Amino acid sequence: MDNLGITAAAVAIMEEETSAGSLAQPAPWPRLECLGLGQAGERRAFVGGSDANVILSGDVERIARLWREKRGAADPEDLSGILAVMLGCWTEEFNRQWFEKLSGERVVSIGQHVTCPKRSWRRCTLDGVVERTAAVWEAKHTSAFAKSEEVLERYMPQLQHNMAVARAERAVLSVIFGNHKFEIIEVAADWLYQLELLEAEEEFWECVQTGREPVPATPPPAPRPVGTREVSLEGNNAWASAAFDWLQNREPARVHASAVTLIKSLVDADVARAFGHGIEAKRSKSGAITIREFAQ
């Protein structure tokens, strides 16, 4: 059996013993050459979600290159040798399973192609759709040092583009940061942002059709995330240490709080200081009682 590319997820979810008592072999992970980055010829015929990121990037070079690619004047950039891109493709399946495990939601319509009903040149390929909420689901694997706000801003055009094309009201950005953090960020469809995005895409597509070189559009302010953010800090040592202390001292903390309440109730209103058994309780001028250790 070819052992190259067996997924950790596949190994973890090996099938139960068969009736004969033997274990089924885990399914192999896709080989690098099988990872789909989209067909270059097909991508020239439309503006997709990843194109939206470029169109609103404000980067003159990237926009000009995309324009040349769409016109067939330049070959699409070969991304098969770029680690970050290939790693994102490679871990997308794991990302989906991890999202489903933590959120309890199910992702469907994986890899579905959607075309805008009004503009056939405007399309998207969905990483998936959250079945219960019908939210567009987008998987990303980014640097361990990236900030959540920066990642959201970078991919906001793609999220809003996909929501507009798929007619969805919500999108979920499912992000793996390096190998130590995972976040689920939900955003709502913003019609003002989508309108400005559409205008920029229409202008770009007209340039593709006419041959006029595009001028970078001014990116609109990125909408803020909505709902709740879910963050996994399993790999954060500071969090692990604090969580251990919290769990270990949860019951002692309850006992301590109960003791404080009882001690204060035993200090009569006309008592300025009460002491004994290693502690003292002092009343301030305002009437507040402070308890501390007392060395007799």
# chains A, B, ... in the order shown; residues from 1 in each chain; ligands from 1
call {"tool": "residues_around", "arguments": {"residues": "A:Gly104", "least_positions_apart": "4", "cutoff": "12 Å", "atoms": "only C-alpha atoms", "output": "list in words"}}
result
Arg96, Gln97, Trp98, Phe99, Glu100, Val130, Glu131 and Arg132 of chain A
call {"tool": "residues_around", "arguments": {"residues": "A:His180", "least_positions_apart": "2", "cutoff": "9 Å", "atoms": "only C-alpha atoms", "output": "mmCIF file with N, CA and C atoms, in the first residue's frame"}}
result
data_model
loop_
_atom_site.group_PDB
_atom_site.id
_atom_site.type_symbol
_atom_site.label_atom_id
_atom_site.label_comp_id
_atom_site.auth_asym_id
_atom_site.auth_seq_id
_atom_site.Cartn_x
_atom_site.Cartn_y
_atom_site.Cartn_z
ATOM 1 N N ALA A 144 0.827 31.393 11.987
ATOM 2 C CA ALA A 144 0.586 31.344 13.430
ATOM 3 C C ALA A 144 0.646 32.743 14.042
ATOM 4 N N ILE A 176 -7.380 28.121 10.736
ATOM 5 C CA ILE A 176 -6.316 27.479 11.498
ATOM 6 C C ILE A 176 -5.115 28.425 11.475
ATOM 7 N N PHE A 177 -4.634 28.808 12.646
ATOM 8 C CA PHE A 177 -3.455 29.673 12.751
ATOM 9 C C PHE A 177 -2.247 28.797 13.070
ATOM 10 N N GLY A 178 -1.403 28.574 12.058
ATOM 11 C CA GLY A 178 -0.242 27.709 12.271
ATOM 12 C C GLY A 178 -0.695 26.334 12.708
ATOM 13 N N PHE A 182 -7.251 27.888 16.641
ATOM 14 C CA PHE A 182 -8.330 27.733 15.675
ATOM 15 C C PHE A 182 -9.442 28.710 16.037
ATOM 16 N N SER A 232 -10.168 28.143 19.943
ATOM 17 C CA SER A 232 -9.537 27.006 20.598
ATOM 18 C C SER A 232 -8.110 27.408 20.981
ATOM 19 N N LEU A 233 -7.798 27.360 22.291
ATOM 20 C CA LEU A 233 -6.454 27.713 22.761
ATOM 21 C C LEU A 233 -5.765 26.490 23.362
ATOM 22 N N GLU A 234 -6.036 25.335 22.743
ATOM 23 C CA GLU A 234 -5.450 24.088 23.235
ATOM 24 C C GLU A 234 -3.925 24.131 23.260
ATOM 25 N N GLY A 235 -3.325 24.864 22.337
ATOM 26 C CA GLY A 235 -1.870 24.885 22.263
ATOM 27 C C GLY A 235 -1.232 26.062 22.977
ATOM 28 N N ASN A 236 -2.016 26.856 23.698
ATOM 29 C CA ASN A 236 -1.501 28.052 24.378
ATOM 30 C C ASN A 236 -1.085 27.669 25.802
#
call {"tool": "atom_distance", "arguments": {"atom1": "atom CA of A:Cys207", "atom2": "atom CA of A:Val47"}}
result
12.3 Å
call {"tool": "residues_around", "arguments": {"residues": "A:Thr133", "least_positions_apart": "5", "cutoff": "12 Å", "atoms": "only C-alpha atoms", "output": "ChimeraX atom specification"}}
result
/A:105-108,128,168-172,186,188
call {"tool": "atom_distance", "arguments": {"atom1": "atom CA of A:Ala259", "atom2": "atom CA of A:Ser286"}}
result
22.0 Å
call {"tool": "select_by_dssp", "arguments": {"residues": "stretch 126-177 of chain A", "states": "helix (DSSP H, G or I)", "output": "VMD selection string"}}
result
chain A and resid 148 to 166
call {"tool": "closest_atom_pairs", "arguments": {"of": "stretch 83-199 of chain A", "to": "stretch 53-61 of chain A", "cutoff": "8 Å", "atoms": "only C-alpha atoms", "output": "Markdown table"}}
result
| residue | atom | partner | partner_atom | distance |
| --- | --- | --- | --- | --- |
| A:Arg154 | CA | A:Asn53 | CA | 7.0 |
| A:Tyr155 | CA | A:Asn53 | CA | 6.3 |
| A:Met156 | CA | A:Asn53 | CA | 7.5 |
| A:Pro157 | CA | A:Asn53 | CA | 5.2 |
| A:Gln158 | CA | A:Asn53 | CA | 5.7 |
| A:Leu197 | CA | A:Leu56 | CA | 7.5 |
call {"tool": "write_last_selection", "arguments": {"atoms": "N, CA and C atoms", "output": "short mmCIF file (atom, residue, chain, number, x, y, z; two decimals), in the first residue's frame"}}
result
data_model
loop_
_atom_site.label_atom_id
_atom_site.label_comp_id
_atom_site.auth_asym_id
_atom_site.auth_seq_id
_atom_site.Cartn_x
_atom_site.Cartn_y
_atom_site.Cartn_z
N ARG A 154 -8.50 40.63 5.18
CA ARG A 154 -7.90 40.13 3.94
C ARG A 154 -8.89 39.33 3.10
N TYR A 155 -9.73 38.56 3.78
CA TYR A 155 -10.66 37.69 3.06
C TYR A 155 -12.10 38.21 3.03
N MET A 156 -12.33 39.41 3.53
CA MET A 156 -13.67 39.96 3.51
C MET A 156 -14.25 40.08 2.11
N PRO A 157 -13.48 40.54 1.09
CA PRO A 157 -14.04 40.59 -0.26
C PRO A 157 -14.55 39.23 -0.74
N GLN A 158 -13.77 38.18 -0.48
CA GLN A 158 -14.18 36.84 -0.89
C GLN A 158 -15.45 36.40 -0.17
N LEU A 197 -18.28 46.48 -3.79
CA LEU A 197 -17.53 45.36 -4.36
C LEU A 197 -18.02 45.06 -5.77
#
call {"tool": "residues_around", "arguments": {"residues": "A:Val85", "least_positions_apart": "5", "cutoff": "10 Å", "atoms": "only C-alpha atoms", "output": "ChimeraX atom specification"}}
result
/A:37,79-80,90,140-142
call {"tool": "write_last_selection", "arguments": {"atoms": "N, CA and C atoms", "output": "PDB file, in the first residue's frame"}}
result
ATOM      1  N   LEU A  37      -6.727  23.285  -7.683  1.00  0.00           N
ATOM      2  CA  LEU A  37      -6.564  24.731  -7.582  1.00  0.00           C
ATOM      3  C   LEU A  37      -7.400  25.432  -8.641  1.00  0.00           C
ATOM      4  N   LEU A  79       0.691  28.007  -8.609  1.00  0.00           N
ATOM      5  CA  LEU A  79       0.639  28.019  -7.152  1.00  0.00           C
ATOM      6  C   LEU A  79       1.017  26.676  -6.537  1.00  0.00           C
ATOM      7  N   SER A  80       1.305  25.696  -7.375  1.00  0.00           N
ATOM      8  CA  SER A  80       1.557  24.349  -6.872  1.00  0.00           C
ATOM      9  C   SER A  80       2.857  24.247  -6.074  1.00  0.00           C
ATOM     10  N   TRP A  90      -4.464  21.321   1.414  1.00  0.00           N
ATOM     11  CA  TRP A  90      -4.227  20.028   2.050  1.00  0.00           C
ATOM     12  C   TRP A  90      -5.026  19.890   3.349  1.00  0.00           C
ATOM     13  N   LYS A 140      -9.597  28.502   5.906  1.00  0.00           N
ATOM     14  CA  LYS A 140      -8.293  29.120   5.681  1.00  0.00           C
ATOM     15  C   LYS A 140      -7.281  28.539   6.670  1.00  0.00           C
ATOM     16  N   HIS A 141      -6.033  28.433   6.211  1.00  0.00           N
ATOM     17  CA  HIS A 141      -4.920  28.028   7.069  1.00  0.00           C
ATOM     18  C   HIS A 141      -3.856  29.102   6.918  1.00  0.00           C
ATOM     19  N   THR A 142      -3.666  29.887   7.956  1.00  0.00           N
ATOM     20  CA  THR A 142      -2.795  31.039   7.852  1.00  0.00           C
ATOM     21  C   THR A 142      -1.631  30.948   8.830  1.00  0.00           C
TER      22      THR A 142
END
